[in-house]
Amino acid sequence: MKILANDGIDPIGKALLEQAGFVVDTETVPQEKLAEALKNYDGITVRSATKVRQELIDACPNIKLIGRGGVGMDNIDVEYARSKGVAVVNTPAASSLSVAELVFSHLFTGVRFLQDANRKMPVEGNTKFNDLKKAYAKGTELRGKTIGIIGFGRIGRETATVALGLGMNVLAYDLYPFEGSLTLNFQGGASVAIPVKTVSLDEVIANSDFISLHTPFADKPILGAEEFAKMKKGVGVVNCSRGGTIDEAALIEALDSGKVAFAGLDVFYNEPTPDAAILQHSKISLTPHIGASTNEAQERIGTELATLIIEHFNK
Ligand code: NAD
């Protein structure tokens, strides 16, 4: 059996597959050459870069499995593949903590102006040190503040758990109401379950000091001008979900007016060529869609994906 890991696979996952007798190629084949190359493979694994659309599935009748390392399957025509008898598997939970921690990287950055300081210090750090010190003098702490979480699935709940561990208050909203508890695990084996109940979207929007988006890709933005208008002045907004869930033009207006104090973006409407107005805004902390890009998450993704592939072909 031959697998093409077109967007790479962690060495642990590759080794597991090879021990089970699979041949695994990890050299990336460009999208336009994939149809030809895939004729020699039984399965393909992708992350978010490679697209597996209907035409590609039709062109490669040998393919029996498509594996997505990660969560979002918007780059795969899942229903079509399944209708043709091609299995589609993913590793939905493996990267949740890494994405949640990136949310806090953006939040800690925003409340201490690091997105601006990191741009200005290399240029003005020698000549205007004290001016910069003054410009960044009014930082804030996260403890005791309220984080609003929109989309309370795997990553939303993981984000809430980290927030509770930091001593923050959590307000969450999901299309499907949740009432239960989140468990915080501490050093030495101690743990504590904290009750959490979702509230309305309006309550989240009006009462949060920070808002973090964790919904799937949406055709219509969840946060646009109307929602920004209802937020607290000085709110921080983070998007590590999918581009398109925030109206980027409305975000820029809200940043310029001071309604939103800062934003942290890992995902963009136009990927991989985000708009210059977003990339160059001094109040936006930027990362290039690296939510799942930690050694730990990639190891979990590779292991889980390899296990799913082995299980599928051994059925
Ligand atoms: P999930 O399916 O576990 O949770 C998504 C939640 O959003 C669900 O509970 C769903 O009911 C809710 N939801 C859907 N539409 C909604 C709406 N309009 N309003 C409110 N709630 C809504 O998914 P997840 O694993 O938590 O992933 C969340 C998002 O993070 C996805 O968009 C995924 O693609 C993205 N993601 C990004 C990265 C990254 O690198 N930045 C990595 C992994 C996942």
# chains A, B, ... in the order shown; residues from 1 in each chain; ligands from 1
>>> residues_near_ligand(ligand="ligand 1", cutoff="8 Å", atoms="only C-alpha atoms and all ligand atoms", output="PyMOL selection string")
chain A and resi 70-74+92-93+95-96+99+150-157+173-176+201+213-218+222+239-242+266-267+289-293
>>> write_last_selection(atoms="C-alpha atoms", output="PDB file, in the first residue's frame")
ATOM      1  CA  GLY A  70      -6.240  18.307  11.668  1.00  0.00           C
ATOM      2  CA  VAL A  71      -9.839  19.433  11.883  1.00  0.00           C
ATOM      3  CA  GLY A  72     -11.290  21.607   9.094  1.00  0.00           C
ATOM      4  CA  MET A  73     -12.244  19.625   5.989  1.00  0.00           C
ATOM      5  CA  ASP A  74     -13.110  22.641   3.815  1.00  0.00           C
ATOM      6  CA  PRO A  92     -10.276  16.530  15.184  1.00  0.00           C
ATOM      7  CA  ALA A  93      -9.064  16.755  18.784  1.00  0.00           C
ATOM      8  CA  SER A  95      -4.577  20.183  17.945  1.00  0.00           C
ATOM      9  CA  SER A  96      -7.198  21.776  20.240  1.00  0.00           C
ATOM     10  CA  VAL A  99      -4.883  26.395  19.019  1.00  0.00           C
ATOM     11  CA  ILE A 150     -18.074  32.075  20.242  1.00  0.00           C
ATOM     12  CA  GLY A 151     -18.280  28.433  19.156  1.00  0.00           C
ATOM     13  CA  PHE A 152     -18.065  26.147  22.184  1.00  0.00           C
ATOM     14  CA  GLY A 153     -16.787  22.942  20.559  1.00  0.00           C
ATOM     15  CA  ARG A 154     -13.434  21.269  21.121  1.00  0.00           C
ATOM     16  CA  ILE A 155     -11.206  24.344  20.766  1.00  0.00           C
ATOM     17  CA  GLY A 156     -13.712  26.744  22.359  1.00  0.00           C
ATOM     18  CA  ARG A 157     -13.867  24.534  25.468  1.00  0.00           C
ATOM     19  CA  TYR A 173     -22.072  30.959  23.066  1.00  0.00           C
ATOM     20  CA  ASP A 174     -22.758  28.076  20.677  1.00  0.00           C
ATOM     21  CA  LEU A 175     -25.570  27.265  18.245  1.00  0.00           C
ATOM     22  CA  TYR A 176     -26.089  24.211  20.478  1.00  0.00           C
ATOM     23  CA  LEU A 201     -24.580  35.704  21.518  1.00  0.00           C
ATOM     24  CA  LEU A 213     -13.926  32.948  17.644  1.00  0.00           C
ATOM     25  CA  HIS A 214     -14.043  29.138  17.419  1.00  0.00           C
ATOM     26  CA  THR A 215     -16.717  28.366  14.835  1.00  0.00           C
ATOM     27  CA  PRO A 216     -16.269  26.595  11.485  1.00  0.00           C
ATOM     28  CA  PHE A 217     -15.918  28.453   8.192  1.00  0.00           C
ATOM     29  CA  ALA A 218     -18.999  30.580   7.519  1.00  0.00           C
ATOM     30  CA  ILE A 222     -20.168  36.185  12.627  1.00  0.00           C
ATOM     31  CA  ASN A 239      -9.635  34.805  15.430  1.00  0.00           C
ATOM     32  CA  CYS A 240      -7.878  31.431  15.280  1.00  0.00           C
ATOM     33  CA  SER A 241     -10.821  29.690  13.578  1.00  0.00           C
ATOM     34  CA  ARG A 242     -11.276  30.371   9.855  1.00  0.00           C
ATOM     35  CA  ASP A 266      -4.162  33.531  12.711  1.00  0.00           C
ATOM     36  CA  VAL A 267      -6.596  33.153   9.802  1.00  0.00           C
ATOM     37  CA  HIS A 289      -2.314  30.037  10.236  1.00  0.00           C
ATOM     38  CA  ILE A 290      -0.115  28.180  12.721  1.00  0.00           C
ATOM     39  CA  GLY A 291      -2.755  27.198  15.292  1.00  0.00           C
ATOM     40  CA  ALA A 292      -1.918  23.495  15.086  1.00  0.00           C
ATOM     41  CA  SER A 293       1.777  24.014  14.403  1.00  0.00           C
TER      42      SER A 293
END
>>> residues_around(residues="Thr307 in chain A", least_positions_apart="3", cutoff="12 Å", atoms="only C-alpha atoms", output="PyMOL selection string")
chain A and resi 12-20+22+67+69+89-91+300-304+310-314
>>> write_last_selection(atoms="N, CA and C atoms", output="compact mmCIF listing (two decimals), in the first residue's frame")
# COMPACT_ATOMS: atom_id res chain seq x y z
N ILE A 12 6.85 10.36 13.58
CA ILE A 12 6.29 9.25 14.37
C ILE A 12 5.17 8.56 13.60
N GLY A 13 4.32 9.36 12.94
CA GLY A 13 3.22 8.80 12.14
C GLY A 13 3.77 8.02 10.96
N LYS A 14 4.81 8.58 10.33
CA LYS A 14 5.42 7.92 9.16
C LYS A 14 6.00 6.56 9.60
N ALA A 15 6.69 6.58 10.73
CA ALA A 15 7.32 5.33 11.21
C ALA A 15 6.25 4.28 11.52
N LEU A 16 5.13 4.71 12.12
CA LEU A 16 4.05 3.76 12.44
C LEU A 16 3.53 3.11 11.17
N LEU A 17 3.34 3.94 10.14
CA LEU A 17 2.82 3.42 8.86
C LEU A 17 3.83 2.45 8.24
N GLU A 18 5.10 2.82 8.28
CA GLU A 18 6.11 1.97 7.66
C GLU A 18 6.24 0.63 8.40
N GLN A 19 6.14 0.71 9.74
CA GLN A 19 6.18 -0.55 10.51
C GLN A 19 5.02 -1.47 10.13
N ALA A 20 3.90 -0.85 9.74
CA ALA A 20 2.72 -1.64 9.36
C ALA A 20 2.78 -2.06 7.88
N PHE A 22 3.35 0.00 5.11
CA PHE A 22 3.01 1.01 4.09
C PHE A 22 4.28 1.67 3.55
N GLY A 67 -6.86 11.26 4.11
CA GLY A 67 -6.68 11.56 5.54
C GLY A 67 -6.36 13.03 5.70
N GLY A 69 -4.89 15.65 8.30
CA GLY A 69 -4.21 15.86 9.57
C GLY A 69 -4.71 17.16 10.16
N VAL A 89 -10.95 10.52 6.63
CA VAL A 89 -10.75 10.52 8.09
C VAL A 89 -10.00 11.79 8.48
N ASN A 90 -10.20 12.25 9.71
CA ASN A 90 -9.42 13.40 10.21
C ASN A 90 -9.09 13.19 11.69
N THR A 91 -8.37 14.14 12.27
CA THR A 91 -7.91 14.00 13.65
C THR A 91 -8.38 15.21 14.45
N ARG A 300 0.76 14.26 17.82
CA ARG A 300 -0.55 13.62 18.06
C ARG A 300 -1.29 13.40 16.75
N ILE A 301 -1.24 14.41 15.86
CA ILE A 301 -1.93 14.29 14.57
C ILE A 301 -1.35 13.13 13.76
N GLY A 302 0.00 13.06 13.69
CA GLY A 302 0.65 12.01 12.91
C GLY A 302 0.32 10.62 13.44
N THR A 303 0.35 10.48 14.76
CA THR A 303 0.07 9.18 15.39
C THR A 303 -1.38 8.77 15.12
N GLU A 304 -2.29 9.74 15.32
CA GLU A 304 -3.72 9.45 15.16
C GLU A 304 -4.05 9.10 13.70
N ILE A 310 -4.06 2.70 9.22
CA ILE A 310 -3.77 1.27 9.42
C ILE A 310 -5.08 0.52 9.69
N GLU A 311 -5.91 1.11 10.57
CA GLU A 311 -7.19 0.46 10.90
C GLU A 311 -8.03 0.30 9.64
N HIS A 312 -8.07 1.34 8.81
CA HIS A 312 -8.91 1.30 7.61
C HIS A 312 -8.46 0.19 6.67
N PHE A 313 -7.16 0.11 6.39
CA PHE A 313 -6.69 -0.87 5.40
C PHE A 313 -6.63 -2.29 5.97
N ASN A 314 -6.71 -2.40 7.31
CA ASN A 314 -6.70 -3.75 7.90
C ASN A 314 -8.10 -4.29 8.16
>>> closest_residue(among="A:Gly167, A:Pro30, A:Gly264, A:Pro122", to="Gly236 in chain A", atoms="only C-alpha atoms")
A:Gly264
>>> select_by_dssp(residues="range 70-311 of chain A", states="strand (DSSP E)", output="PyMOL selection string")
chain A and resi 87-90+146-150+169-173+179-185+191-197+210-213+235-239+260-265+284-286
>>> residues_around(residues="Met1 in chain A", least_positions_apart="5", cutoff="8 Å", atoms="only C-alpha atoms", output="number ranges by chain")
A: 21-23, 41-42
>>> decode(residues="range 57-79 of chain A", atoms="N, CA and C atoms", output="short mmCIF file (atom, residue, chain, number, x, y, z; two decimals), in the first residue's frame")
data_model
loop_
_atom_site.label_atom_id
_atom_site.label_comp_id
_atom_site.auth_asym_id
_atom_site.auth_seq_id
_atom_site.Cartn_x
_atom_site.Cartn_y
_atom_site.Cartn_z
N ILE A 57 -10.66 13.54 -7.30
CA ILE A 57 -11.19 12.23 -6.86
C ILE A 57 -11.56 11.40 -8.10
N ASP A 58 -12.22 12.06 -9.07
CA ASP A 58 -12.61 11.36 -10.30
C ASP A 58 -11.40 10.87 -11.09
N ALA A 59 -10.32 11.67 -11.04
CA ALA A 59 -9.14 11.34 -11.85
C ALA A 59 -8.30 10.21 -11.23
N CYS A 60 -8.58 9.85 -9.96
CA CYS A 60 -7.73 8.87 -9.27
C CYS A 60 -8.55 7.75 -8.66
N PRO A 61 -9.08 6.85 -9.49
CA PRO A 61 -9.96 5.79 -8.98
C PRO A 61 -9.26 4.83 -8.01
N ASN A 62 -7.91 4.82 -7.98
CA ASN A 62 -7.20 3.92 -7.06
C ASN A 62 -7.27 4.37 -5.61
N ILE A 63 -7.51 5.67 -5.42
CA ILE A 63 -7.46 6.21 -4.06
C ILE A 63 -8.62 5.66 -3.23
N LYS A 64 -8.27 5.09 -2.07
CA LYS A 64 -9.30 4.48 -1.22
C LYS A 64 -9.50 5.27 0.07
N LEU A 65 -8.53 6.17 0.36
CA LEU A 65 -8.64 6.91 1.61
C LEU A 65 -8.02 8.30 1.48
N ILE A 66 -8.71 9.29 2.05
CA ILE A 66 -8.16 10.65 2.16
C ILE A 66 -8.06 10.94 3.66
N GLY A 67 -6.86 11.26 4.11
CA GLY A 67 -6.68 11.56 5.54
C GLY A 67 -6.36 13.03 5.70
N ARG A 68 -7.06 13.69 6.63
CA ARG A 68 -6.80 15.11 6.90
C ARG A 68 -6.13 15.19 8.27
N GLY A 69 -4.89 15.65 8.30
CA GLY A 69 -4.21 15.86 9.57
C GLY A 69 -4.71 17.16 10.16
N GLY A 70 -5.65 17.09 11.10
CA GLY A 70 -6.24 18.31 11.67
C GLY A 70 -7.75 18.23 11.63
N VAL A 71 -8.38 19.40 11.71
CA VAL A 71 -9.84 19.43 11.88
C VAL A 71 -10.58 19.78 10.59
N GLY A 72 -10.43 21.05 10.15
CA GLY A 72 -11.29 21.61 9.09
C GLY A 72 -11.16 20.82 7.80
N MET A 73 -12.28 20.43 7.22
CA MET A 73 -12.24 19.62 5.99
C MET A 73 -12.70 20.46 4.80
N ASP A 74 -12.61 21.81 4.92
CA ASP A 74 -13.11 22.64 3.82
C ASP A 74 -12.25 22.52 2.54
N ASN A 75 -11.08 21.88 2.63
CA ASN A 75 -10.25 21.68 1.42
C ASN A 75 -10.51 20.32 0.76
N ILE A 76 -11.51 19.58 1.28
CA ILE A 76 -11.80 18.24 0.73
C ILE A 76 -13.30 18.18 0.39
N ASP A 77 -13.63 17.61 -0.78
CA ASP A 77 -15.04 17.38 -1.10
C ASP A 77 -15.45 16.06 -0.42
N VAL A 78 -15.75 16.18 0.87
CA VAL A 78 -15.95 15.00 1.72
C VAL A 78 -17.13 14.14 1.25
N GLU A 79 -18.28 14.80 1.07
CA GLU A 79 -19.48 14.02 0.71
C GLU A 79 -19.29 13.31 -0.62
#
